[in-house]
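Have a look at work_20.txt; it's compact mmCIF, C-alpha atoms and all ligand atoms:
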```txt
# COMPACT_ATOMS: atom_id res chain seq x y z
CA MET A 13 -31.29 151.24 38.01
CA ALA A 14 -33.66 150.74 40.98
CA ASP A 15 -33.35 154.30 42.28
CA PHE A 16 -33.28 155.99 38.92
CA ASP A 17 -36.17 156.90 36.61
CA ALA A 18 -33.78 157.08 33.63
CA ASP A 19 -30.12 157.63 32.86
CA VAL A 20 -30.66 161.04 31.28
CA ALA A 21 -33.30 163.78 31.21
CA VAL A 22 -33.46 166.42 28.49
CA ILE A 23 -35.22 169.57 29.68
CA GLY A 24 -36.81 171.64 26.92
CA LEU A 25 -37.72 169.93 23.65
CA GLY A 26 -37.24 172.83 21.26
CA ALA A 27 -34.61 172.94 18.52
CA PHE A 28 -31.61 171.75 20.52
CA GLY A 29 -33.46 169.52 22.99
CA ALA A 30 -35.57 167.57 20.49
CA SER A 31 -32.42 166.77 18.48
CA THR A 32 -30.52 165.79 21.59
CA LEU A 33 -33.34 163.48 22.62
CA TRP A 34 -33.23 161.91 19.15
CA ARG A 35 -29.45 161.43 19.13
CA LEU A 36 -29.48 159.96 22.66
CA ALA A 37 -32.35 157.58 21.88
CA ALA A 38 -30.59 156.58 18.64
CA ARG A 39 -27.66 155.45 20.82
CA GLY A 40 -29.96 153.35 22.95
CA VAL A 41 -29.67 155.67 25.96
CA ASP A 42 -32.51 155.45 28.49
CA VAL A 43 -33.75 159.04 28.23
CA LEU A 44 -36.67 161.18 29.40
CA GLY A 45 -37.69 164.40 27.67
CA PHE A 46 -39.57 167.26 29.38
CA GLU A 47 -41.31 170.05 27.47
CA ARG A 48 -43.47 172.66 29.16
CA HIS A 49 -45.70 172.99 26.07
CA THR A 50 -46.48 170.61 23.18
CA PRO A 51 -43.36 170.06 21.04
CA GLY A 52 -43.46 172.28 17.94
CA HIS A 53 -45.26 175.12 19.78
CA ALA A 54 -45.05 178.88 19.14
CA PHE A 55 -43.85 180.19 22.54
CA GLY A 56 -40.06 179.84 22.33
CA SER A 57 -37.43 180.41 19.66
CA SER A 58 -38.48 177.85 17.07
CA HIS A 59 -41.67 178.90 15.31
CA GLY A 60 -42.63 180.95 12.27
CA GLY A 61 -42.41 178.20 9.65
CA SER A 62 -38.83 178.59 8.42
CA ARG A 63 -35.18 179.14 9.35
CA MET A 64 -32.31 179.87 6.98
CA PHE A 65 -29.67 177.18 6.62
CA ARG A 66 -26.23 178.08 5.25
CA THR A 67 -22.82 176.52 5.55
CA ALA A 68 -20.99 179.83 5.08
CA CYS A 69 -21.30 180.69 8.78
CA LEU A 70 -19.91 184.13 9.55
CA GLU A 71 -20.53 183.88 13.27
CA HIS A 72 -17.54 181.61 13.98
CA PRO A 73 -15.25 179.49 11.77
CA GLY A 74 -15.98 176.46 13.97
CA LEU A 75 -19.61 176.57 12.91
CA VAL A 76 -18.87 175.48 9.33
CA ASP A 77 -18.14 171.89 10.39
CA LEU A 78 -21.17 171.97 12.69
CA ALA A 79 -23.35 173.11 9.77
CA ARG A 80 -22.02 170.30 7.57
CA LEU A 81 -22.72 167.74 10.28
CA SER A 82 -26.16 169.26 10.78
CA LEU A 83 -27.05 169.06 7.10
CA ASP A 84 -26.21 165.34 7.01
CA LEU A 85 -28.39 164.88 10.07
CA TRP A 86 -31.27 166.97 8.66
CA ARG A 87 -31.26 164.56 5.73
CA GLU A 88 -31.12 161.59 8.11
CA LEU A 89 -34.02 162.97 10.14
CA GLU A 90 -36.04 163.44 6.95
CA LYS A 91 -35.40 159.82 6.06
CA ALA A 92 -36.19 158.52 9.54
CA SER A 93 -39.40 160.53 9.90
CA GLY A 94 -40.58 160.54 6.29
CA ASP A 95 -41.10 164.31 6.60
CA ASP A 96 -39.94 167.02 4.26
CA LEU A 97 -37.84 169.29 6.52
CA PHE A 98 -35.16 170.95 4.37
CA THR A 99 -35.71 172.95 1.17
CA ALA A 100 -32.56 173.67 -0.81
CA SER A 101 -33.44 177.09 -2.18
CA GLY A 102 -29.88 178.40 -2.25
CA GLY A 103 -29.00 181.48 -0.23
CA LEU A 104 -27.87 185.01 -0.95
CA LEU A 105 -25.73 187.17 1.34
CA ALA A 106 -25.78 190.64 -0.21
CA GLY A 107 -24.56 194.13 0.63
CA PRO A 108 -21.85 196.71 0.07
CA ARG A 109 -18.66 195.16 -1.36
CA GLN A 110 -16.73 196.63 1.60
CA GLY A 111 -19.51 196.07 4.15
CA HIS A 112 -19.58 193.57 7.00
CA LEU A 113 -21.47 190.78 5.21
CA VAL A 114 -20.14 190.16 1.69
CA PRO A 115 -16.38 190.15 2.44
CA ALA A 116 -16.93 187.95 5.51
CA ALA A 117 -19.14 185.49 3.60
CA LEU A 118 -16.63 185.27 0.78
CA ALA A 119 -13.74 184.76 3.19
CA VAL A 120 -15.47 181.95 5.08
CA ALA A 121 -16.57 180.23 1.87
CA ARG A 122 -13.03 180.36 0.45
CA ALA A 123 -11.33 179.31 3.69
CA HIS A 124 -13.60 176.29 4.17
CA GLY A 125 -14.29 175.21 0.60
CA VAL A 126 -18.00 176.05 0.76
CA GLU A 127 -19.45 176.09 -2.75
CA ALA A 128 -20.25 179.76 -3.39
CA GLU A 129 -20.20 182.34 -6.14
CA LEU A 130 -19.53 186.10 -5.95
CA LEU A 131 -22.15 187.99 -7.97
CA ASP A 132 -21.86 191.66 -8.92
CA ALA A 133 -24.89 193.95 -8.59
CA ASP A 134 -25.87 193.52 -12.27
CA GLU A 135 -25.90 189.75 -11.93
CA VAL A 136 -27.92 189.86 -8.70
CA ARG A 137 -30.49 192.17 -10.28
CA ARG A 138 -30.73 189.90 -13.34
CA ARG A 139 -31.04 186.60 -11.48
CA PHE A 140 -33.12 187.83 -8.54
CA PRO A 141 -35.38 190.61 -9.87
CA ALA A 142 -36.97 191.36 -6.49
CA HIS A 143 -33.52 192.68 -5.50
CA GLY A 144 -33.62 194.94 -8.59
CA SER A 145 -32.84 198.03 -6.49
CA LEU A 146 -29.52 196.60 -5.25
CA PRO A 147 -27.16 199.57 -5.69
CA ASP A 148 -24.03 199.50 -7.85
CA GLY A 149 -21.15 198.93 -5.48
CA HIS A 150 -23.07 196.16 -3.75
CA ALA A 151 -22.53 192.47 -4.47
CA ALA A 152 -23.69 189.11 -3.18
CA VAL A 153 -22.33 185.72 -2.25
CA TRP A 154 -24.58 182.99 -3.64
CA GLU A 155 -24.46 179.66 -1.81
CA PRO A 156 -26.40 177.09 -3.86
CA GLY A 157 -26.49 174.54 -1.02
CA ALA A 158 -28.18 176.95 1.41
CA GLY A 159 -31.90 176.75 2.06
CA LEU A 160 -34.69 176.63 4.58
CA VAL A 161 -35.42 174.29 7.48
CA ARG A 162 -38.96 173.95 8.87
CA PRO A 163 -38.62 174.46 12.64
CA GLU A 164 -41.94 173.21 14.05
CA ALA A 165 -42.04 170.16 11.76
CA SER A 166 -38.39 169.36 12.53
CA ILE A 167 -38.95 169.43 16.27
CA ARG A 168 -42.02 167.22 16.00
CA ALA A 169 -40.11 164.83 13.73
CA ALA A 170 -37.13 164.56 16.09
CA VAL A 171 -39.40 163.93 19.09
CA ALA A 172 -41.39 161.30 17.17
CA VAL A 173 -38.28 159.47 15.93
CA ALA A 174 -36.78 159.62 19.44
CA SER A 175 -40.00 158.22 20.94
CA ASP A 176 -39.99 155.38 18.42
CA ALA A 177 -36.45 154.61 19.56
CA GLY A 178 -37.54 154.42 23.20
CA ALA A 179 -37.34 157.98 24.58
CA ARG A 180 -40.13 158.75 27.06
CA VAL A 181 -41.58 162.21 26.49
CA HIS A 182 -43.40 164.30 29.09
CA ALA A 183 -45.19 167.03 27.12
CA ASP A 184 -46.98 169.93 28.82
CA ALA A 185 -44.70 169.20 31.77
CA ARG A 186 -42.79 172.20 33.04
CA VAL A 187 -39.69 171.44 35.07
CA VAL A 188 -39.75 173.69 38.13
CA ALA A 189 -36.48 172.65 39.73
CA VAL A 190 -33.24 170.88 38.83
CA GLU A 191 -31.39 169.78 41.94
CA PRO A 192 -28.02 168.10 41.46
CA GLY A 193 -27.12 165.60 44.21
CA PRO A 194 -23.83 163.75 44.78
CA ASP A 195 -24.38 161.12 42.06
CA HIS A 196 -27.73 162.05 40.58
CA VAL A 197 -29.96 164.93 39.56
CA ARG A 198 -33.47 165.37 40.92
CA ILE A 199 -35.95 166.98 38.55
CA ARG A 200 -39.22 168.33 39.80
CA THR A 201 -42.35 169.06 37.79
CA ALA A 202 -45.62 170.31 39.25
CA VAL A 203 -46.77 166.72 39.81
CA ARG A 204 -43.78 164.57 40.68
CA GLU A 205 -40.02 164.12 41.02
CA PHE A 206 -37.64 162.20 38.77
CA ARG A 207 -34.16 160.97 39.56
CA VAL A 208 -31.62 160.65 36.73
CA ARG A 209 -27.84 160.37 36.44
CA GLN A 210 -27.42 163.31 34.06
CA VAL A 211 -29.47 166.23 32.86
CA VAL A 212 -29.26 168.10 29.56
CA GLY A 213 -30.49 171.70 29.84
CA THR A 214 -31.89 172.90 26.52
CA ALA A 215 -34.54 175.29 27.78
CA GLY A 216 -33.78 178.09 25.30
CA ALA A 217 -34.67 181.53 26.67
CA TRP A 218 -35.44 179.90 30.05
CA LEU A 219 -32.10 178.09 30.38
CA GLY A 220 -30.61 180.69 32.72
CA GLY A 221 -33.43 180.09 35.20
CA LEU A 222 -32.71 176.34 35.32
CA VAL A 223 -28.91 176.38 35.24
CA PRO A 224 -27.71 179.51 37.04
CA GLY A 225 -24.45 181.27 36.23
CA LEU A 226 -24.77 181.44 32.43
CA PRO A 227 -24.78 185.01 31.02
CA LEU A 228 -27.89 184.63 28.87
CA ALA A 229 -30.27 187.42 27.85
CA ALA A 230 -33.69 186.72 26.33
CA VAL A 231 -34.41 189.02 23.40
CA ARG A 232 -37.88 189.75 21.98
CA MET A 233 -37.69 189.47 18.22
CA PRO A 234 -40.51 190.19 15.75
CA MET A 235 -41.06 188.28 12.50
CA THR A 236 -43.14 189.92 9.76
CA TRP A 237 -44.90 188.79 6.59
CA PHE A 238 -45.47 191.27 3.75
CA ALA A 239 -47.64 190.80 0.65
CA ALA A 240 -46.06 191.23 -2.77
CA ARG A 241 -47.69 193.77 -5.06
CA PRO A 242 -49.69 191.81 -7.68
CA GLU A 243 -47.39 192.76 -10.57
CA ALA A 244 -44.31 191.59 -8.59
CA ALA A 245 -45.74 188.40 -7.09
CA ASP A 246 -43.81 186.09 -9.41
CA ASP A 247 -40.50 187.72 -8.41
CA PHE A 248 -41.15 186.82 -4.78
CA ARG A 249 -41.52 183.07 -5.24
CA LEU A 250 -38.83 181.19 -3.34
CA ALA A 251 -37.13 180.09 -6.58
CA ARG A 252 -36.58 183.75 -7.55
CA PHE A 253 -36.32 185.21 -4.07
CA PRO A 254 -34.41 182.60 -2.07
CA ALA A 255 -33.34 182.83 1.56
CA PHE A 256 -31.22 185.94 2.00
CA ILE A 257 -29.56 188.41 4.32
CA ARG A 258 -29.03 191.84 2.81
CA GLU A 259 -26.91 194.55 4.41
CA LEU A 260 -28.25 198.00 3.57
CA ASP A 261 -26.29 201.22 3.20
CA ASP A 262 -27.44 202.34 6.66
CA GLY A 263 -25.61 199.35 8.18
CA THR A 264 -28.74 197.40 9.12
CA SER A 265 -29.55 194.05 7.52
CA LEU A 266 -32.83 192.63 6.29
CA TRP A 267 -33.36 188.86 6.17
CA GLY A 268 -36.10 186.73 4.72
CA HIS A 269 -37.22 184.55 1.85
CA GLY A 270 -39.86 184.21 -0.82
CA THR A 271 -43.12 182.32 -0.90
CA VAL A 272 -43.16 178.54 -1.05
CA ARG A 273 -46.83 178.20 -1.99
CA ALA A 274 -49.30 180.47 -3.81
CA GLY A 275 -51.20 182.79 -1.50
CA GLU A 276 -48.40 183.04 1.08
CA ASP A 277 -46.74 186.28 2.09
CA VAL A 278 -43.04 187.09 2.09
CA LYS A 279 -41.28 186.58 5.42
CA LEU A 280 -38.90 189.35 6.50
CA GLY A 281 -37.10 190.61 9.57
CA LEU A 282 -34.27 192.84 10.70
CA GLU A 283 -31.00 191.46 12.05
CA ASP A 284 -30.26 191.99 15.72
CA GLY A 285 -28.02 195.03 15.79
CA GLY A 286 -27.24 194.73 19.51
CA SER A 287 -29.80 197.25 20.70
CA THR A 288 -32.41 196.77 17.95
CA PHE A 289 -34.64 194.57 20.10
CA ASP A 290 -35.70 194.53 23.74
CA VAL A 291 -34.09 192.32 26.34
CA VAL A 292 -37.02 190.80 28.22
CA ASP A 293 -38.00 188.40 30.96
CA ALA A 294 -39.00 185.33 28.91
CA GLU A 295 -41.53 184.35 31.57
CA SER A 296 -43.58 187.54 31.19
CA LEU A 297 -43.00 188.21 27.48
CA ASP A 298 -45.54 190.42 25.71
CA ARG A 299 -46.31 188.39 22.56
CA GLY A 300 -48.70 191.02 21.19
CA PHE A 301 -47.52 192.29 17.78
CA ARG A 302 -47.15 196.10 17.93
CA ARG A 303 -46.67 198.84 15.36
CA ALA A 304 -43.08 199.37 16.52
CA ASP A 305 -42.44 195.70 15.72
CA TRP A 306 -42.72 196.24 11.96
CA THR A 307 -41.99 199.89 11.15
CA GLY A 308 -38.22 199.31 11.00
CA VAL A 309 -38.74 196.78 8.21
CA GLY A 310 -41.62 198.59 6.50
CA GLU A 311 -39.79 201.90 6.17
CA ARG A 312 -36.84 200.19 4.43
CA LEU A 313 -38.93 198.39 1.81
CA PRO A 314 -39.59 201.18 -0.73
CA ALA A 315 -35.84 201.46 -1.35
CA ALA A 316 -34.73 197.87 -0.68
CA LEU A 317 -37.61 195.69 -1.97
CA PRO A 318 -40.02 197.99 -3.82
CA GLY A 319 -42.17 195.09 -5.01
CA LEU A 320 -43.61 194.62 -1.52
CA GLU A 321 -46.38 196.38 0.35
CA THR A 322 -44.97 198.50 3.17
CA VAL A 323 -47.48 197.45 5.85
CA PRO A 324 -47.27 193.81 6.88
CA ALA A 325 -50.03 191.29 6.45
CA ARG A 326 -49.16 189.86 9.87
CA GLY A 327 -46.46 189.46 12.47
CA GLU A 328 -45.41 187.17 15.31
CA ILE A 329 -43.10 187.52 18.26
CA CYS A 330 -40.19 185.15 18.74
CA LEU A 331 -37.46 184.99 21.36
CA PHE A 332 -33.80 184.38 21.17
CA THR A 333 -31.14 183.95 23.79
CA ARG A 334 -28.10 186.19 23.48
CA THR A 335 -24.70 185.57 24.99
CA PRO A 336 -22.10 188.36 25.35
CA ASP A 337 -20.07 187.06 22.36
CA ARG A 338 -23.09 185.83 20.35
CA GLN A 339 -21.90 182.23 20.43
CA PHE A 340 -23.68 179.19 21.78
CA VAL A 341 -23.07 177.55 25.14
CA LEU A 342 -22.44 173.84 24.58
CA GLY A 343 -20.81 171.69 27.22
CA ARG A 344 -20.56 170.97 30.93
CA PRO A 345 -20.68 174.17 33.05
CA GLY A 346 -17.84 174.02 35.56
CA GLY A 347 -17.02 170.54 34.25
CA ASP A 348 -20.04 169.16 36.13
CA PRO A 349 -20.34 165.42 35.34
CA ARG A 350 -24.11 165.59 35.92
CA VAL A 351 -25.03 168.56 33.73
CA VAL A 352 -24.71 169.33 30.01
CA VAL A 353 -26.15 172.52 28.50
CA GLY A 354 -27.02 173.59 24.97
CA GLY A 355 -28.31 177.10 24.39
CA GLY A 356 -27.37 180.72 23.78
CA CYS A 357 -28.60 180.47 20.20
CA SER A 358 -28.04 184.22 19.62
CA GLY A 359 -30.32 184.20 16.59
CA HIS A 360 -28.35 181.78 14.41
CA GLY A 361 -28.84 178.38 16.01
CA PHE A 362 -31.61 176.53 14.24
CA LYS A 363 -29.59 175.39 11.24
CA HIS A 364 -27.19 173.71 13.68
CA ALA A 365 -29.83 172.03 15.82
CA THR A 366 -29.25 168.47 14.62
CA GLY A 367 -25.47 168.85 14.89
CA VAL A 368 -25.83 170.35 18.36
CA GLY A 369 -28.01 167.39 19.33
CA GLU A 370 -25.30 165.01 18.16
CA VAL A 371 -22.59 166.93 20.03
CA LEU A 372 -24.59 167.07 23.28
CA ALA A 373 -25.47 163.37 23.03
CA ALA A 374 -21.79 162.55 22.52
CA LEU A 375 -20.85 164.61 25.60
CA VAL A 376 -23.48 162.81 27.70
CA VAL A 377 -22.19 159.34 26.83
CA GLY A 378 -18.51 160.36 27.07
CA GLU A 379 -17.70 160.19 23.34
CA GLU A 380 -15.45 162.71 21.63
CA PRO A 381 -17.87 165.12 19.85
CA PRO A 382 -17.66 164.70 16.06
CA VAL A 383 -16.83 168.40 15.60
CA GLY A 384 -14.90 170.73 17.89
CA VAL A 385 -17.08 173.03 19.99
CA GLY A 386 -14.46 174.46 22.36
CA PHE A 387 -15.42 177.97 21.20
CA ALA A 388 -18.85 177.38 22.76
CA ASP A 389 -17.54 176.21 26.15
CA PRO A 390 -19.97 177.59 28.77
CA ASP A 391 -17.03 178.37 31.07
CA ARG A 392 -15.41 180.84 28.67
CA PHE A 393 -17.23 183.71 30.37
CA LEU A 394 -15.58 182.90 33.69
CA ARG A 395 -12.01 183.12 32.40
C1 LIG B 1 -37.04 185.60 14.60
C2 LIG B 1 -35.93 184.59 14.61
C3 LIG B 1 -35.33 184.24 13.42
C4 LIG B 1 -34.31 183.29 13.42
N1 LIG B 1 -33.75 182.96 12.23
C5 LIG B 1 -32.83 181.97 12.19
C6 LIG B 1 -32.34 181.51 10.94
O1 LIG B 1 -32.75 181.98 9.88
N2 LIG B 1 -31.43 180.51 10.96
C7 LIG B 1 -30.99 179.95 12.12
O2 LIG B 1 -30.15 179.04 12.06
N3 LIG B 1 -31.45 180.37 13.31
C8 LIG B 1 -32.36 181.35 13.38
N4 LIG B 1 -32.87 181.76 14.57
C9 LIG B 1 -32.37 181.16 15.81
C10 LIG B 1 -33.01 179.81 16.09
O3 LIG B 1 -34.39 179.84 15.84
C11 LIG B 1 -32.67 179.43 17.50
O4 LIG B 1 -31.27 179.33 17.59
C12 LIG B 1 -33.24 178.11 17.95
O5 LIG B 1 -34.59 178.01 17.64
C13 LIG B 1 -32.98 177.97 19.45
O6 LIG B 1 -33.44 176.74 19.90
P1 LIG B 1 -33.44 176.37 21.44
O7 LIG B 1 -33.60 174.90 21.47
O8 LIG B 1 -32.30 176.98 22.16
O9 LIG B 1 -34.74 177.09 22.03
P2 LIG B 1 -36.30 176.63 21.86
O10 LIG B 1 -36.53 176.02 20.53
O11 LIG B 1 -37.12 177.78 22.29
O12 LIG B 1 -36.41 175.46 22.91
C14 LIG B 1 -36.44 175.64 24.28
C15 LIG B 1 -37.57 174.77 24.81
O13 LIG B 1 -37.49 174.63 26.21
C16 LIG B 1 -38.81 174.61 26.72
N5 LIG B 1 -38.73 174.93 28.13
C17 LIG B 1 -38.31 176.08 28.69
N6 LIG B 1 -38.33 176.00 30.02
C18 LIG B 1 -38.78 174.76 30.33
C19 LIG B 1 -39.04 174.09 31.55
N7 LIG B 1 -38.83 174.70 32.74
N8 LIG B 1 -39.51 172.82 31.52
C20 LIG B 1 -39.74 172.19 30.33
N9 LIG B 1 -39.51 172.81 29.12
C21 LIG B 1 -39.03 174.06 29.13
C22 LIG B 1 -39.52 175.66 25.88
O14 LIG B 1 -40.91 175.54 25.94
C23 LIG B 1 -38.94 175.38 24.51
O15 LIG B 1 -39.73 174.44 23.80
C24 LIG B 1 -33.88 182.70 14.62
C25 LIG B 1 -34.50 183.07 15.83
C26 LIG B 1 -35.52 183.98 15.83
C27 LIG B 1 -36.18 184.34 17.12
```
What is this structure when it is put down as structure tokens?
Amino acid sequence: MADFDADVAVIGLGAFGASTLWRLAARGVDVLGFERHTPGHAFGSSHGGSRMFRTACLEHPGLVDLARLSLDLWRELEKASGDDLFTASGGLLAGPRQGHLVPAALAVARAHGVEAELLDADEVRRRFPAHGSLPDGHAAVWEPGAGLVRPEASIRAAVAVASDAGARVHADARVVAVEPGPDHVRIRTAVREFRVRQVVGTAGAWLGGLVPGLPLAAVRMPMTWFAARPEAADDFRLARFPAFIRELDDGTSLWGHGTVRAGEDVKLGLEDGGSTFDVVDAESLDRGFRRADWTGVGERLPAALPGLETVPARGEICLFTRTPDRQFVLGRPGGDPRVVVGGGCSGHGFKHATGVGEVLAALVVGEEPPVGVGFADPDRFLR
């Protein structure tokens, strides 16, 4: 090992990278982690306090096994770190019976044996009063095992557990160049160079700048928090207003969840409809929260969730990384034995972060990944 600083370097310790670092360190791999900010920060794709977890993944059938693997690993990470990371609130996917959400959720649950229940509009309105305006003709798929994962805490936990297992973490260390050589990769930060045998690129919205040739677009995505009207506050507690996605009659979808603690506001957002949000340069992102960032949600609330105020209490800007087919990129671009990538979250990646970490770690050490991820092959765009 004389010429090498480590066997592996993971670049970007956000959702995917922190988990990969953990799963590599758990295998005893000599691994370095680089993060340009402090792990658990608010400048990438993994802040805002919560992410929805569900096993009924509509985005690709292959994601169901990845979600199951991830849930086991979320529980393992909780145990290893002693932190509370996953809240099983259950999850509701609601909308028109013939819309794009409910039939797809039902089909995936049935095809993969995901525990789920189809509720008619009456039942939804009775069990979840905040959705009391759900029109007749709408329905919902209720997944009791769905819930919320805490992104910042999860990233910090994975980095801490990885460090305890021997990973060496360089925080506030931006990687400025990744230069593959014949049998090594040279990594440069502002202060020094590192030589490793393999590199894992998990730089989120910045991944395309580090590993060229991947068709990744960074998308600016607002998150908003709305106060419940005093008389409706009880209906917006998480137990009565669990994690949800709700397709509206205009074809758009609202997502969000209720309050975990007293005094909190209700988190909401709009699904990415392809052109709903701006494609941006992640490096020069405007993180200022603007009026146009919340009006799309606010104007839908009187009809969809009338128990909420229509002007938000606050908002934050997040980023996600979109691929042309909205699937992840997981694997070795061009079959390169020195480079593994994990990214292209396309707005649905956090729930899978621990499973992705396990898959990427397996690829690094030459194991068969525990679940198939061929659908996320980075080379699919070249075919
Ligand atoms: C508003 C919003 C809501 C979402 N809701 C959900 C949801 O409910 N459920 C769900 O499953 N998913 C959801 N997602 C998607 C999910 O959050 C992402 O899939 C996930 O966070 C992506 O993780 P990542 O590791 O790719 O990126 P990040 O977590 O951003 O990690 C990338 C890291 O790389 C670092 N980095 C970048 N460049 C460098 C460099 N040169 N050197 C060193 N470090 C570098 C960054 O600082 C960052 O920490 C949502 C996303 C958004 C934006």
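The spacing separating atom CA of A:Met64 from atom CA of A:Ala151 amounts to 19.6 Å.
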Using the file's own x, y and z axes, what box holds all listed atoms of ligand LIG 1 (chain B) with 8 Å on each side, keeping edges along x, y and z, and what are its centre and edge lengths in Å to one decimal, as lines of an AutoDock Vina configuration file?
```
center_x = -35.5
center_y = 178.9
center_z = 21.3
size_x = 26.8
size_y = 29.4
size_z = 38.9
```
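Compared by their closest atoms to A:Pro382, and using only C-alpha atoms, the residues A:Arg302, A:His182, A:Arg80, A:His150 rank with A:Arg80 nearest.
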Next on the checklist: Please return as a count of residues only the residues found within 6 Å of ligand LIG 1 (chain B), counting all atoms listed in the file.
Outcome noted: 38
Checklist entry - Around (-14.4, 184.1, 4.9) in the file's own coordinates, what residues are found within 12 Å if you use all atoms listed in the file, given back as a VMD selection string? => result chain A and resid 67 to 74 76 112 to 126 128 153
Output C-alpha atoms for every residue in the selection just made, as a tab-separated table (two decimals), in the coordinates of the input.
```tsv
chain	number	residue	atom	x	y	z
A	67	THR	CA	-22.82	176.52	5.55
A	68	ALA	CA	-20.99	179.83	5.08
A	69	CYS	CA	-21.30	180.69	8.78
A	70	LEU	CA	-19.91	184.13	9.55
A	71	GLU	CA	-20.53	183.88	13.27
A	72	HIS	CA	-17.54	181.61	13.98
A	73	PRO	CA	-15.25	179.49	11.77
A	74	GLY	CA	-15.98	176.46	13.97
A	76	VAL	CA	-18.87	175.48	9.33
A	112	HIS	CA	-19.58	193.57	7.00
A	113	LEU	CA	-21.47	190.78	5.21
A	114	VAL	CA	-20.14	190.16	1.69
A	115	PRO	CA	-16.38	190.15	2.44
A	116	ALA	CA	-16.93	187.95	5.51
A	117	ALA	CA	-19.14	185.49	3.60
A	118	LEU	CA	-16.63	185.27	0.78
A	119	ALA	CA	-13.74	184.76	3.19
A	120	VAL	CA	-15.47	181.95	5.08
A	121	ALA	CA	-16.57	180.23	1.87
A	122	ARG	CA	-13.03	180.36	0.45
A	123	ALA	CA	-11.33	179.31	3.69
A	124	HIS	CA	-13.60	176.29	4.17
A	125	GLY	CA	-14.29	175.21	0.60
A	126	VAL	CA	-18.00	176.05	0.76
A	128	ALA	CA	-20.25	179.76	-3.39
A	153	VAL	CA	-22.33	185.72	-2.25
```
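Excluding A:Leu219 and any residue on its chain fewer than 2 positions from it, the residues at most 10 Å away by only C-alpha atoms are Ile23, Gly24, Gly213, Thr214, Ala215, Gly216, Ala217, Gly221, Leu222, Val223, Pro224, Leu226, Leu228, Ala229, Ala230, Thr333, Val353, Gly354, Gly355 and Gly356 of chain A.
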